[in-house]
Each structure stands twice: as structure tokens, then as C-alpha cells.
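Asks: So that you have it, the file is final_31.cif, and it contains mmCIF, C-alpha atoms:
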data_data
loop_
_atom_site.label_atom_id
_atom_site.label_comp_id
_atom_site.auth_asym_id
_atom_site.auth_seq_id
_atom_site.Cartn_x
_atom_site.Cartn_y
_atom_site.Cartn_z
CA MET V 27 0.00 0.00 0.00
CA ARG V 28 1.17 3.49 -0.84
CA ILE V 29 0.01 5.84 1.91
CA ALA V 30 0.20 9.62 2.30
CA ILE V 31 -0.15 11.39 5.64
CA VAL V 32 -1.01 15.09 5.27
CA GLU V 33 -0.68 16.49 8.78
CA ASP V 34 0.92 19.70 10.06
CA ASP V 35 1.27 18.34 13.62
CA TYR V 36 4.62 16.50 13.69
CA LYS V 37 3.77 14.31 16.70
CA ALA V 38 0.38 13.33 15.28
CA SER V 39 1.98 12.46 11.95
CA LYS V 40 4.67 10.28 13.53
CA SER V 41 2.13 8.57 15.77
CA LEU V 42 -0.02 7.70 12.75
CA ARG V 43 3.03 6.41 10.88
CA ASN V 44 4.00 4.16 13.80
CA MET V 45 0.49 2.69 13.98
CA LEU V 46 0.40 2.10 10.22
CA GLU V 47 3.75 0.31 10.37
CA LYS V 48 2.50 -1.80 13.29
CA TYR V 49 -0.60 -2.81 11.30
CA ALA V 50 1.49 -3.65 8.22
CA HIS V 51 3.80 -5.82 10.34
CA GLU V 52 0.86 -7.69 11.91
CA LYS V 53 -0.79 -8.30 8.54
CA ASP V 54 2.49 -8.95 6.67
CA ILE V 55 1.69 -6.17 4.19
CA LYS V 56 4.30 -4.06 2.45
CA ILE V 57 3.63 -0.34 2.77
CA ASN V 58 5.31 2.87 1.68
CA ILE V 59 4.47 6.00 3.68
CA ASN V 60 5.08 9.62 2.69
CA GLU V 61 4.49 12.45 5.17
CA PHE V 62 3.53 16.00 4.21
CA ASP V 63 3.43 18.84 6.73
CA GLY V 64 0.98 20.91 4.68
CA ALA V 65 -1.75 20.59 2.09
CA ILE V 66 -0.09 22.81 -0.53
CA SER V 67 3.14 20.80 -0.64
CA PHE V 68 1.06 17.64 -0.97
CA ILE V 69 -1.18 18.92 -3.79
CA ASN V 70 1.77 20.37 -5.70
CA SER V 71 3.54 16.99 -5.73
CA PHE V 72 0.51 14.72 -6.12
CA LYS V 73 0.56 12.50 -9.22
CA SER V 74 -2.12 9.89 -8.42
CA ASN V 75 0.65 7.92 -6.74
CA PHE V 76 -1.09 6.83 -3.52
CA ASP V 77 -3.64 4.18 -2.57
CA ILE V 78 -4.76 5.80 0.70
CA ILE V 79 -4.54 9.38 1.95
CA PHE V 80 -4.97 10.48 5.57
CA MET V 81 -5.75 14.21 5.52
CA ASP V 82 -5.94 16.48 8.54
CA ILE V 83 -8.82 18.95 8.18
CA ASN V 84 -7.51 21.78 10.34
CA MET V 85 -4.31 23.01 8.66
CA PRO V 86 -3.03 26.53 8.01
CA VAL V 87 -3.01 28.27 4.58
CA MET V 88 -5.04 25.48 2.91
CA ASN V 89 -7.32 23.31 5.04
CA GLY V 90 -7.97 19.66 4.40
CA MET V 91 -11.40 20.15 2.83
CA ASP V 92 -10.08 22.63 0.24
CA ALA V 93 -7.11 20.35 -0.42
CA ALA V 94 -9.47 17.43 -0.98
CA LYS V 95 -11.39 19.43 -3.59
CA GLU V 96 -8.14 20.04 -5.47
CA LEU V 97 -7.20 16.39 -5.02
CA ARG V 98 -10.42 15.21 -6.67
CA LYS V 99 -9.64 17.29 -9.76
CA ILE V 100 -6.62 15.03 -10.23
CA ASP V 101 -7.80 11.69 -8.87
CA GLU V 102 -11.44 10.77 -8.29
CA ASN V 103 -10.76 7.30 -6.94
CA VAL V 104 -7.99 7.42 -4.35
CA ILE V 105 -9.19 6.42 -0.87
CA LEU V 106 -9.39 9.46 1.41
CA TYR V 107 -9.72 9.58 5.19
CA PHE V 108 -10.09 12.84 7.08
CA ILE V 109 -8.44 13.34 10.47
CA THR V 110 -10.14 15.83 12.79
CA ASN V 111 -10.40 17.03 16.37
CA MET V 112 -14.19 17.22 16.15
CA ALA V 113 -16.34 14.81 14.16
CA GLN V 114 -18.80 17.49 13.00
CA TYR V 115 -16.01 19.05 10.91
CA ALA V 116 -15.95 15.93 8.74
CA ILE V 117 -19.68 15.66 8.01
CA ASN V 118 -19.21 17.27 4.60
CA GLY V 119 -16.60 14.71 3.62
CA TYR V 120 -19.05 13.00 1.24
CA GLU V 121 -18.80 16.07 -1.00
CA VAL V 122 -15.20 15.18 -1.81
CA GLY V 123 -15.61 11.41 -1.70
CA ALA V 124 -14.01 10.77 1.69
CA ILE V 125 -14.57 7.15 2.70
CA ASP V 126 -14.57 7.94 6.44
CA PHE V 127 -12.83 9.97 9.16
CA LEU V 128 -10.73 9.45 12.27
CA VAL V 129 -11.11 11.53 15.43
CA LYS V 130 -7.99 12.73 17.28
CA PRO V 131 -6.28 11.41 19.22
CA VAL V 132 -6.27 8.47 16.82
CA THR V 133 -6.07 5.11 18.57
CA TYR V 134 -4.66 1.93 17.08
CA TYR V 135 -8.02 0.16 17.39
CA GLN V 136 -9.75 3.01 15.53
CA LEU V 137 -7.13 3.02 12.78
CA LYS V 138 -7.23 -0.76 12.43
CA LEU V 139 -10.98 -0.72 11.73
CA LYS V 140 -10.55 1.98 9.09
CA LEU V 141 -7.72 0.10 7.39
CA GLU V 142 -9.78 -3.08 7.19
CA LYS V 143 -12.42 -1.04 5.37
CA ALA V 144 -9.80 0.47 3.07
CA LEU V 145 -8.33 -2.92 2.19
CA MET V 146 -11.75 -4.20 1.16
CA GLU V 147 -12.20 -1.16 -1.07
CA LEU V 148 -8.73 -1.57 -2.59
CA LYS V 149 -9.45 -5.21 -3.35
CA ARG V 150 -12.71 -4.25 -5.06
CA LYS V 151 -10.95 -1.59 -7.12
CA ASP V 152 -8.16 -3.98 -8.04
CA ASN V 153 -10.72 -6.38 -9.50
CA ASP V 154 -11.97 -3.57 -11.73
CA LYS V 155 -8.56 -3.04 -13.33
CA ILE V 156 -7.23 -4.34 -16.63
CA VAL V 157 -3.68 -4.50 -17.97
CA VAL V 158 -2.92 -2.52 -21.12
CA VAL V 159 0.38 -3.21 -22.88
CA HIS V 160 1.49 -0.13 -24.82
CA LYS V 161 4.66 0.99 -26.61
CA ASN V 162 6.24 2.42 -23.46
CA GLY V 163 5.47 -0.52 -21.19
CA MET V 164 2.53 -1.83 -19.25
CA LEU V 165 -0.26 -0.04 -17.39
CA ARG V 166 -3.04 -1.12 -15.04
CA ILE V 167 -6.18 0.92 -15.72
CA SER V 168 -9.42 0.96 -13.76
CA THR V 169 -12.37 0.34 -16.05
CA HIS V 170 -14.09 3.23 -14.29
CA ASP V 171 -11.39 5.56 -15.66
CA ILE V 172 -11.98 4.63 -19.33
CA TYR V 173 -14.13 7.01 -21.40
CA PHE V 174 -14.17 4.86 -24.52
CA ILE V 175 -12.02 2.48 -26.55
CA GLU V 176 -11.30 3.17 -30.22
CA VAL V 177 -10.31 0.66 -32.90
CA LEU V 178 -7.44 1.93 -35.06
CA GLY V 179 -6.57 -0.79 -37.57
CA HIS V 180 -4.91 -3.56 -35.56
CA HIS V 181 -4.57 -1.32 -32.52
CA LEU V 182 -6.83 -0.21 -29.69
CA CYS V 183 -6.70 3.29 -28.24
CA TYR V 184 -7.89 3.58 -24.65
CA HIS V 185 -9.20 7.10 -23.98
CA THR V 186 -8.98 7.53 -20.20
CA ILE V 187 -8.99 10.07 -17.40
CA LYS V 188 -5.18 9.84 -17.32
CA GLY V 189 -4.66 10.20 -21.08
CA ASN V 190 -4.73 8.01 -24.17
CA PHE V 191 -2.89 4.67 -24.48
CA THR V 192 -2.53 2.59 -27.63
CA SER V 193 -1.96 -1.16 -27.69
CA TYR V 194 -2.40 -4.16 -29.96
CA GLY V 195 -5.73 -5.91 -29.65
CA THR V 196 -9.25 -6.54 -30.88
CA LEU V 197 -12.71 -5.67 -29.59
CA LYS V 198 -13.23 -9.34 -28.74
CA GLU V 199 -10.22 -9.18 -26.42
CA VAL V 200 -11.61 -5.98 -24.87
CA PHE V 201 -14.89 -7.63 -23.90
CA ASN V 202 -13.00 -10.65 -22.55
CA LYS V 203 -10.97 -8.30 -20.32
CA ILE V 204 -13.73 -5.93 -19.26
CA GLN V 205 -16.50 -7.70 -17.41
CA ASP V 206 -18.56 -4.53 -17.06
CA PRO V 207 -22.15 -4.23 -18.38
CA LEU V 208 -21.74 -0.46 -18.76
CA PHE V 209 -19.36 -0.95 -21.70
CA LEU V 210 -21.20 -1.16 -25.02
CA GLN V 211 -20.18 -1.13 -28.66
CA CYS V 212 -21.83 1.83 -30.43
CA ASN V 213 -20.37 1.01 -33.87
CA ARG V 214 -17.56 -1.12 -35.33
CA CYS V 215 -14.91 1.36 -34.14
CA TYR V 216 -15.97 2.33 -30.62
CA VAL V 217 -16.73 0.76 -27.26
CA ILE V 218 -18.16 3.36 -24.89
CA ASN V 219 -18.46 3.59 -21.12
CA LEU V 220 -22.04 4.61 -20.31
CA ARG V 221 -20.84 6.41 -17.18
CA TYR V 222 -19.52 9.21 -19.39
CA VAL V 223 -22.28 9.51 -22.00
CA ASN V 224 -23.64 13.06 -22.03
CA GLU V 225 -25.85 13.11 -25.12
CA ILE V 226 -27.27 10.93 -27.90
CA ASN V 227 -28.42 12.34 -31.24
CA ASP V 228 -29.56 10.77 -34.50
CA GLN V 229 -26.11 9.67 -35.62
CA THR V 230 -23.77 10.52 -32.74
CA VAL V 231 -23.18 9.91 -29.07
CA ARG V 232 -21.24 12.34 -26.90
CA VAL V 233 -18.83 10.65 -24.47
CA GLU V 234 -17.18 13.11 -22.08
CA ASN V 235 -15.76 15.69 -24.56
CA ASP V 236 -15.77 13.55 -27.73
CA THR V 237 -18.54 13.12 -30.29
CA LEU V 238 -18.58 9.60 -31.76
CA GLN V 239 -20.57 7.99 -34.55
CA ILE V 240 -23.30 5.59 -33.48
CA SER V 241 -24.64 2.99 -35.89
CA ARG V 242 -28.38 2.91 -36.50
CA ASN V 243 -28.76 -0.73 -35.50
CA ARG V 244 -26.99 -0.19 -32.15
CA LYS V 245 -28.67 3.08 -31.13
CA ALA V 246 -31.73 1.48 -29.49
CA THR V 247 -29.52 -0.87 -27.45
CA VAL V 248 -27.37 2.02 -26.20
CA ILE V 249 -30.42 4.13 -25.29
CA ARG V 250 -32.05 1.23 -23.44
CA ALA V 251 -28.87 0.44 -21.50
CA LEU V 252 -28.33 4.12 -20.66
CA SER V 253 -31.92 4.44 -19.47
CA GLU V 254 -31.50 1.42 -17.18
CA TYR V 255 -28.23 2.84 -15.85
CA MET V 256 -29.92 6.17 -15.04
CA GLY V 257 -32.86 4.47 -13.39
CA GLY V 258 -35.29 4.86 -16.27
CA LYS V 259 -34.91 8.65 -16.37
CA ILE V 260 -34.61 8.89 -20.17
#
Give the structure from the file, written as C-alpha cells.

Replies:
Amino acid sequence: MRIAIVEDDYKASKSLRNMLEKYAHEKDIKININEFDGAISFINSFKSNFDIIFMDINMPVMNGMDAAKELRKIDENVILYFITNMAQYAINGYEVGAIDFLVKPVTYYQLKLKLEKALMELKRKDNDKIVVVHKNGMLRISTHDIYFIEVLGHHLCYHTIKGNFTSYGTLKEVFNKIQDPLFLQCNRCYVINLRYVNEINDQTVRVENDTLQISRNRKATVIRALSEYMGGKI
């Protein structure tokens, strides 16, 4: 596990580190911990390179809630825990996708329960990932981060939140990899993720910021699946 501690209180940060290392030793888990003494230094260096983030809410210059809003512009999926002196300060954590919060002083028992919850979430997310082999190496991508997949001759281009990646492959291989009912083929060149569909017209479907062609014989299937996904709202 790659863990970040964003905490301006040195003693609180070291105490949390010690408890995390104790948990990792008990569970025989390898962890890497990075400590940041302020939200700005953390946000400026963040590159979606952590699995779990422990964020103090009450920090000078930029507080934890504002930092979390900036964090979510970069990474929507990383597991976030708030640390606070008073629980009512963390009630708005759902707005930035915080999974939970810890109340100071953090005890080992409290932290252990939160980590068990985080491990379950990480396992679930890991099952949602696929491996894409591209020209510069290999990449594990969450299916939730894919906007759409484009067929380019004998290649596939994965259009994702983190950029575009091209690899060898076929649409058949894509559907074998991605066991997700929200991925549908809208024509012979595109597989779209319904999570990012914004609009459907006569001949096109808008996925995030791209307008793609939709074949006439697949349009009804896409509309029906999108309607089911949105709870019958279209």
C-alpha cells in the first residue's frame, strides 16, 4: 500500500506512521508512507501515486477540505480519510468522496478498523482493473477511468482520465478483459463507457468531450442500456 499522511502536527503524523507500520507488520503487508506537513506541498507533488490518503482537516493556509477538492480534480478514486479534532467538521466529507474519518487522538483500534475497510475497497478496485500493454510498457487501468475504446486498424486506443494509451488488440479481447455491463459497442470502431455519456443524437453519441458515430442498429440498445443505468430517467 502506498500511503500519504497530510498532517501539520509532527507528533500526530509520527504517531499515525507508527500505527500504520504496526498494522502492516501484523498483517504482513508491504507499505510505503510519505508524510507532508501541509496541504499545498502535498497537492503540488501529487501525481495519483497513492492508494490511501490520511488528511488532517484543520491546517493553516489550505485546510484539508479545500485540499481534498483540489485532489479530486486530479484523482477521483484514491481512498481518502479525514483526520479531525471534532467529528462534525468531517460531516461534509461526502462532497469530496471521503470514505470515512478518524477523530484525534487516533487510537490503534480506531485506525485498524478503518484500514480493514480500506483494504476491502482496494481489493474491489483492483478487481476492476485491466492490464494494457502499450509501446512504453505496461499499465493497469481501472475500467471506471476509461471514457471509450477506439479501434485503429490492428490497434486499440484507450481514452482515459489519465490520457490516451494505444496497444495491440481486438474488440473481442476488450470484452474478454472488461466484465462490465456499462461498456457497449456503439459502432464497429468504438466501445463506450455509459458512465460518461452526455448526449445521444440521430447519428452521434457524446462521451465526455468527444462526439462519436453511433450505428443505427446499435442506437436502441445504447439508449435502453443508458436508461437502465440512469434508473429509467430517459

Asks: Using all atoms listed in the file, which protein or nucleic acid residues come within 10 Å of Arg166 of chain V? Drop anything in the same chain fewer than 2 positions from it, and give the result as a list in words.

Replies: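 Listing them by chain and then by number gives Asp152, Asp154, Lys155, Ile156, Val157, Val158, Val159, Met164, Ser168 and Thr169 of chain V.
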
Asks: I'd like the contact shell of segment 172-175 of chain V - 12 Å cut-off, all atoms listed in the file, skipping same-chain residues fewer than 4 positions apart - returned as a PyMOL selection string.

Replies: chain V and resi 154-156+158+166-168+181-193+195-197+199-201+204+206+208-224+231-238

Asks: Between V:Asp77, V:Asp35, V:Ala50, V:Asn103, which residue has the minimum interatomic distance to Gly64 of chain V, considering all atoms listed in the file?

Replies: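 Answer, going by the shortest atom-to-atom distance: V:Asp35.
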
Asks: Quick one: distance from atom CA of Ile78 of chain V to atom CA of Lys203 of chain V in Å, one decimal?

Replies: 26.1 Å

Asks: List as a PDB file with C-alpha atoms, in the frame of the given file the protein and nucleic acid residues near segment 65-72 of chain V, meaning an atom at most 7 Å away when only C-alpha atoms are counted, but skip any in the same chain fewer than 3 places from it.

Replies:
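Below is the file that was written, out.pdb:
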ATOM      1  CA  VAL V  32      -1.010  15.090   5.270  1.00  0.00           C
ATOM      2  CA  PHE V  62       3.530  16.000   4.210  1.00  0.00           C
ATOM      3  CA  ASN V  75       0.650   7.920  -6.740  1.00  0.00           C
ATOM      4  CA  MET V  88      -5.040  25.480   2.910  1.00  0.00           C
ATOM      5  CA  ASN V  89      -7.320  23.310   5.040  1.00  0.00           C
ATOM      6  CA  GLY V  90      -7.970  19.660   4.400  1.00  0.00           C
ATOM      7  CA  ALA V  93      -7.110  20.350  -0.420  1.00  0.00           C
ATOM      8  CA  LEU V  97      -7.200  16.390  -5.020  1.00  0.00           C
TER       9      LEU V  97
END

Asks: Could you write out as a VMD selection string the residues that the PyMOL selection byres ((chain V and resi 46) around 10) matches in the shown file?

Replies: chain V and resid 29 40 to 45 47 to 52 57 to 59 134 137 to 138 141

Asks: For the PyMOL selection byres ((chain V and resi 121-127) around 10), applied here, can you spell out every residue it catches as a tab-separated table (two decimals) with C-alpha atoms, in the frame of the given file?

Replies:
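What ended up in out.tsv:
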chain	number	residue	atom	x	y	z
V	79	ILE	CA	-4.54	9.38	1.95
V	80	PHE	CA	-4.97	10.48	5.57
V	81	MET	CA	-5.75	14.21	5.52
V	82	ASP	CA	-5.94	16.48	8.54
V	83	ILE	CA	-8.82	18.95	8.18
V	91	MET	CA	-11.40	20.15	2.83
V	92	ASP	CA	-10.08	22.63	0.24
V	93	ALA	CA	-7.11	20.35	-0.42
V	94	ALA	CA	-9.47	17.43	-0.98
V	95	LYS	CA	-11.39	19.43	-3.59
V	96	GLU	CA	-8.14	20.04	-5.47
V	97	LEU	CA	-7.20	16.39	-5.02
V	98	ARG	CA	-10.42	15.21	-6.67
V	99	LYS	CA	-9.64	17.29	-9.76
V	102	GLU	CA	-11.44	10.77	-8.29
V	103	ASN	CA	-10.76	7.30	-6.94
V	104	VAL	CA	-7.99	7.42	-4.35
V	105	ILE	CA	-9.19	6.42	-0.87
V	106	LEU	CA	-9.39	9.46	1.41
V	107	TYR	CA	-9.72	9.58	5.19
V	108	PHE	CA	-10.09	12.84	7.08
V	109	ILE	CA	-8.44	13.34	10.47
V	110	THR	CA	-10.14	15.83	12.79
V	113	ALA	CA	-16.34	14.81	14.16
V	115	TYR	CA	-16.01	19.05	10.91
V	116	ALA	CA	-15.95	15.93	8.74
V	117	ILE	CA	-19.68	15.66	8.01
V	118	ASN	CA	-19.21	17.27	4.60
V	119	GLY	CA	-16.60	14.71	3.62
V	120	TYR	CA	-19.05	13.00	1.24
V	128	LEU	CA	-10.73	9.45	12.27
V	129	VAL	CA	-11.11	11.53	15.43
V	130	LYS	CA	-7.99	12.73	17.28
V	136	GLN	CA	-9.75	3.01	15.53
V	137	LEU	CA	-7.13	3.02	12.78
V	140	LYS	CA	-10.55	1.98	9.09
V	143	LYS	CA	-12.42	-1.04	5.37
V	144	ALA	CA	-9.80	0.47	3.07
V	147	GLU	CA	-12.20	-1.16	-1.07

Asks: Report the distance between atom CA of Ala30 of chain V and atom CA of Ser74 of chain V in Å, rounded to one decimal place.

Replies: 11.0 Å

Asks: To one decimal in Å, tell me the separation between atom CA of Leu139 of chain V and atom CA of His170 of chain V.

Replies: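 Pair atom CA of Leu139 of chain V / atom CA of His170 of chain V returns 26.5 Å.
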
Asks: Counting all atoms listed in the file, which of V:Gln239, V:Thr247, V:Lys73, V:Ile100 gets nearest to Asp171 of chain V?

Replies: V:Ile100

Asks: Return the single residue from V:Val132, V:Ile55, V:Leu148, V:Met112 that is closest to Ala38 of chain V, with distances computed using all atoms listed in the file.

Replies: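 Smallest distance to Ala38 of chain V is found for V:Val132.
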
Asks: Return as JSON the centre and edge lengths, in Å with one decimal, of the box along x, y and z that encloses every atom of segment 74-87 of chain V in the file, padded by 3 Å per side.

Replies:
{"center_x": -4.1, "center_y": 16.2, "center_z": 1.0, "size_x": 15.5, "size_y": 30.1, "size_z": 24.8}

Asks: With all atoms listed in the file as the basis for distance, which of V:Ser253, V:Asn243, V:Glu176, V:Arg150 is at the shortest distance from Glu225 of chain V?

Replies: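 Among the listed residues, the smallest separation from Glu225 of chain V belongs to V:Ser253.
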
Asks: Between V:Ser39, V:Lys53, V:Tyr135, V:Glu33, which one has atoms that come closest to Pro86 of chain V, using all atoms listed in the file?

Replies: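 Under the stated criterion, the closest residue is V:Glu33.
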
Asks: From the block you just saw, export segment 102-139 of chain V: N, CA and C atoms, as a PDB file, in the first residue's frame.

Replies:
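Result file is decode38.pdb:
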ATOM      1  N   GLU V 102     -10.105  10.931  -8.853  1.00  0.00           N
ATOM      2  CA  GLU V 102     -11.444  10.765  -8.294  1.00  0.00           C
ATOM      3  C   GLU V 102     -11.579   9.502  -7.452  1.00  0.00           C
ATOM      4  N   ASN V 103     -10.597   8.629  -7.525  1.00  0.00           N
ATOM      5  CA  ASN V 103     -10.763   7.303  -6.945  1.00  0.00           C
ATOM      6  C   ASN V 103      -9.925   6.991  -5.721  1.00  0.00           C
ATOM      7  N   VAL V 104      -8.864   7.752  -5.466  1.00  0.00           N
ATOM      8  CA  VAL V 104      -7.993   7.418  -4.347  1.00  0.00           C
ATOM      9  C   VAL V 104      -8.781   7.452  -3.043  1.00  0.00           C
ATOM     10  N   ILE V 105      -8.478   6.517  -2.143  1.00  0.00           N
ATOM     11  CA  ILE V 105      -9.186   6.420  -0.865  1.00  0.00           C
ATOM     12  C   ILE V 105      -8.726   7.542   0.058  1.00  0.00           C
ATOM     13  N   LEU V 106      -9.696   8.288   0.589  1.00  0.00           N
ATOM     14  CA  LEU V 106      -9.394   9.462   1.407  1.00  0.00           C
ATOM     15  C   LEU V 106     -10.046   9.332   2.777  1.00  0.00           C
ATOM     16  N   TYR V 107      -9.228   9.495   3.822  1.00  0.00           N
ATOM     17  CA  TYR V 107      -9.721   9.579   5.191  1.00  0.00           C
ATOM     18  C   TYR V 107      -9.391  10.968   5.740  1.00  0.00           C
ATOM     19  N   PHE V 108     -10.363  11.594   6.383  1.00  0.00           N
ATOM     20  CA  PHE V 108     -10.091  12.842   7.081  1.00  0.00           C
ATOM     21  C   PHE V 108      -9.713  12.549   8.528  1.00  0.00           C
ATOM     22  N   ILE V 109      -8.814  13.393   9.055  1.00  0.00           N
ATOM     23  CA  ILE V 109      -8.442  13.340  10.471  1.00  0.00           C
ATOM     24  C   ILE V 109      -8.888  14.661  11.087  1.00  0.00           C
ATOM     25  N   THR V 110      -9.584  14.601  12.224  1.00  0.00           N
ATOM     26  CA  THR V 110     -10.141  15.826  12.786  1.00  0.00           C
ATOM     27  C   THR V 110     -10.211  15.770  14.305  1.00  0.00           C
ATOM     28  N   ASN V 111     -10.217  16.951  14.921  1.00  0.00           N
ATOM     29  CA  ASN V 111     -10.395  17.031  16.370  1.00  0.00           C
ATOM     30  C   ASN V 111     -11.856  16.863  16.754  1.00  0.00           C
ATOM     31  N   MET V 112     -12.758  17.264  15.858  1.00  0.00           N
ATOM     32  CA  MET V 112     -14.193  17.216  16.146  1.00  0.00           C
ATOM     33  C   MET V 112     -14.916  16.606  14.949  1.00  0.00           C
ATOM     34  N   ALA V 113     -15.702  15.574  15.220  1.00  0.00           N
ATOM     35  CA  ALA V 113     -16.342  14.807  14.157  1.00  0.00           C
ATOM     36  C   ALA V 113     -17.230  15.660  13.257  1.00  0.00           C
ATOM     37  N   GLN V 114     -17.880  16.695  13.820  1.00  0.00           N
ATOM     38  CA  GLN V 114     -18.797  17.488  12.996  1.00  0.00           C
ATOM     39  C   GLN V 114     -18.093  18.224  11.863  1.00  0.00           C
ATOM     40  N   TYR V 115     -16.754  18.396  11.977  1.00  0.00           N
ATOM     41  CA  TYR V 115     -16.009  19.046  10.908  1.00  0.00           C
ATOM     42  C   TYR V 115     -15.888  18.155   9.673  1.00  0.00           C
ATOM     43  N   ALA V 116     -16.128  16.868   9.852  1.00  0.00           N
ATOM     44  CA  ALA V 116     -15.947  15.931   8.741  1.00  0.00           C
ATOM     45  C   ALA V 116     -17.266  15.520   8.088  1.00  0.00           C
ATOM     46  N   ILE V 117     -18.383  16.107   8.522  1.00  0.00           N
ATOM     47  CA  ILE V 117     -19.680  15.661   8.006  1.00  0.00           C
ATOM     48  C   ILE V 117     -19.858  15.973   6.526  1.00  0.00           C
ATOM     49  N   ASN V 118     -19.106  16.935   6.017  1.00  0.00           N
ATOM     50  CA  ASN V 118     -19.208  17.266   4.598  1.00  0.00           C
ATOM     51  C   ASN V 118     -18.212  16.491   3.742  1.00  0.00           C
ATOM     52  N   GLY V 119     -17.605  15.484   4.340  1.00  0.00           N
ATOM     53  CA  GLY V 119     -16.604  14.709   3.617  1.00  0.00           C
ATOM     54  C   GLY V 119     -17.145  14.008   2.389  1.00  0.00           C
ATOM     55  N   TYR V 120     -18.461  13.681   2.394  1.00  0.00           N
ATOM     56  CA  TYR V 120     -19.050  13.000   1.242  1.00  0.00           C
ATOM     57  C   TYR V 120     -18.949  13.846  -0.015  1.00  0.00           C
ATOM     58  N   GLU V 121     -18.878  15.172   0.150  1.00  0.00           N
ATOM     59  CA  GLU V 121     -18.800  16.072  -1.002  1.00  0.00           C
ATOM     60  C   GLU V 121     -17.511  15.878  -1.788  1.00  0.00           C
ATOM     61  N   VAL V 122     -16.495  15.406  -1.142  1.00  0.00           N
ATOM     62  CA  VAL V 122     -15.204  15.181  -1.807  1.00  0.00           C
ATOM     63  C   VAL V 122     -14.849  13.692  -1.821  1.00  0.00           C
ATOM     64  N   GLY V 123     -15.831  12.850  -1.586  1.00  0.00           N
ATOM     65  CA  GLY V 123     -15.613  11.411  -1.702  1.00  0.00           C
ATOM     66  C   GLY V 123     -14.757  10.799  -0.611  1.00  0.00           C
ATOM     67  N   ALA V 124     -14.756  11.393   0.585  1.00  0.00           N
ATOM     68  CA  ALA V 124     -14.014  10.772   1.695  1.00  0.00           C
ATOM     69  C   ALA V 124     -14.729   9.498   2.118  1.00  0.00           C
ATOM     70  N   ILE V 125     -13.974   8.436   2.327  1.00  0.00           N
ATOM     71  CA  ILE V 125     -14.570   7.152   2.698  1.00  0.00           C
ATOM     72  C   ILE V 125     -14.984   7.134   4.166  1.00  0.00           C
ATOM     73  N   ASP V 126     -14.275   7.925   5.007  1.00  0.00           N
ATOM     74  CA  ASP V 126     -14.568   7.945   6.442  1.00  0.00           C
ATOM     75  C   ASP V 126     -13.661   8.976   7.109  1.00  0.00           C
ATOM     76  N   PHE V 127     -13.710   9.048   8.447  1.00  0.00           N
ATOM     77  CA  PHE V 127     -12.828   9.969   9.158  1.00  0.00           C
ATOM     78  C   PHE V 127     -12.366   9.348  10.472  1.00  0.00           C
ATOM     79  N   LEU V 128     -11.259   9.876  10.986  1.00  0.00           N
ATOM     80  CA  LEU V 128     -10.729   9.452  12.274  1.00  0.00           C
ATOM     81  C   LEU V 128     -10.696  10.661  13.191  1.00  0.00           C
ATOM     82  N   VAL V 129     -11.078  10.443  14.454  1.00  0.00           N
ATOM     83  CA  VAL V 129     -11.108  11.525  15.433  1.00  0.00           C
ATOM     84  C   VAL V 129      -9.844  11.480  16.291  1.00  0.00           C
ATOM     85  N   LYS V 130      -9.188  12.629  16.428  1.00  0.00           N
ATOM     86  CA  LYS V 130      -7.995  12.729  17.276  1.00  0.00           C
ATOM     87  C   LYS V 130      -8.378  12.665  18.746  1.00  0.00           C
ATOM     88  N   PRO V 131      -7.512  12.121  19.591  1.00  0.00           N
ATOM     89  CA  PRO V 131      -6.279  11.414  19.223  1.00  0.00           C
ATOM     90  C   PRO V 131      -6.603  10.042  18.633  1.00  0.00           C
ATOM     91  N   VAL V 132      -5.993   9.734  17.521  1.00  0.00           N
ATOM     92  CA  VAL V 132      -6.272   8.472  16.821  1.00  0.00           C
ATOM     93  C   VAL V 132      -5.699   7.310  17.620  1.00  0.00           C
ATOM     94  N   THR V 133      -6.523   6.312  17.874  1.00  0.00           N
ATOM     95  CA  THR V 133      -6.067   5.110  18.574  1.00  0.00           C
ATOM     96  C   THR V 133      -5.777   4.008  17.556  1.00  0.00           C
ATOM     97  N   TYR V 134      -4.997   3.031  17.996  1.00  0.00           N
ATOM     98  CA  TYR V 134      -4.660   1.930  17.083  1.00  0.00           C
ATOM     99  C   TYR V 134      -5.909   1.135  16.704  1.00  0.00           C
ATOM    100  N   TYR V 135      -6.800   0.913  17.665  1.00  0.00           N
ATOM    101  CA  TYR V 135      -8.024   0.163  17.385  1.00  0.00           C
ATOM    102  C   TYR V 135      -8.866   0.895  16.339  1.00  0.00           C
ATOM    103  N   GLN V 136      -8.982   2.201  16.481  1.00  0.00           N
ATOM    104  CA  GLN V 136      -9.750   3.007  15.529  1.00  0.00           C
ATOM    105  C   GLN V 136      -9.142   2.922  14.131  1.00  0.00           C
ATOM    106  N   LEU V 137      -7.826   3.065  14.066  1.00  0.00           N
ATOM    107  CA  LEU V 137      -7.131   3.015  12.776  1.00  0.00           C
ATOM    108  C   LEU V 137      -7.256   1.641  12.138  1.00  0.00           C
ATOM    109  N   LYS V 138      -7.152   0.610  12.943  1.00  0.00           N
ATOM    110  CA  LYS V 138      -7.227  -0.759  12.431  1.00  0.00           C
ATOM    111  C   LYS V 138      -8.565  -1.009  11.739  1.00  0.00           C
ATOM    112  N   LEU V 139      -9.652  -0.548  12.334  1.00  0.00           N
ATOM    113  CA  LEU V 139     -10.981  -0.716  11.727  1.00  0.00           C
ATOM    114  C   LEU V 139     -11.066   0.006  10.389  1.00  0.00           C
TER     115      LEU V 139
END
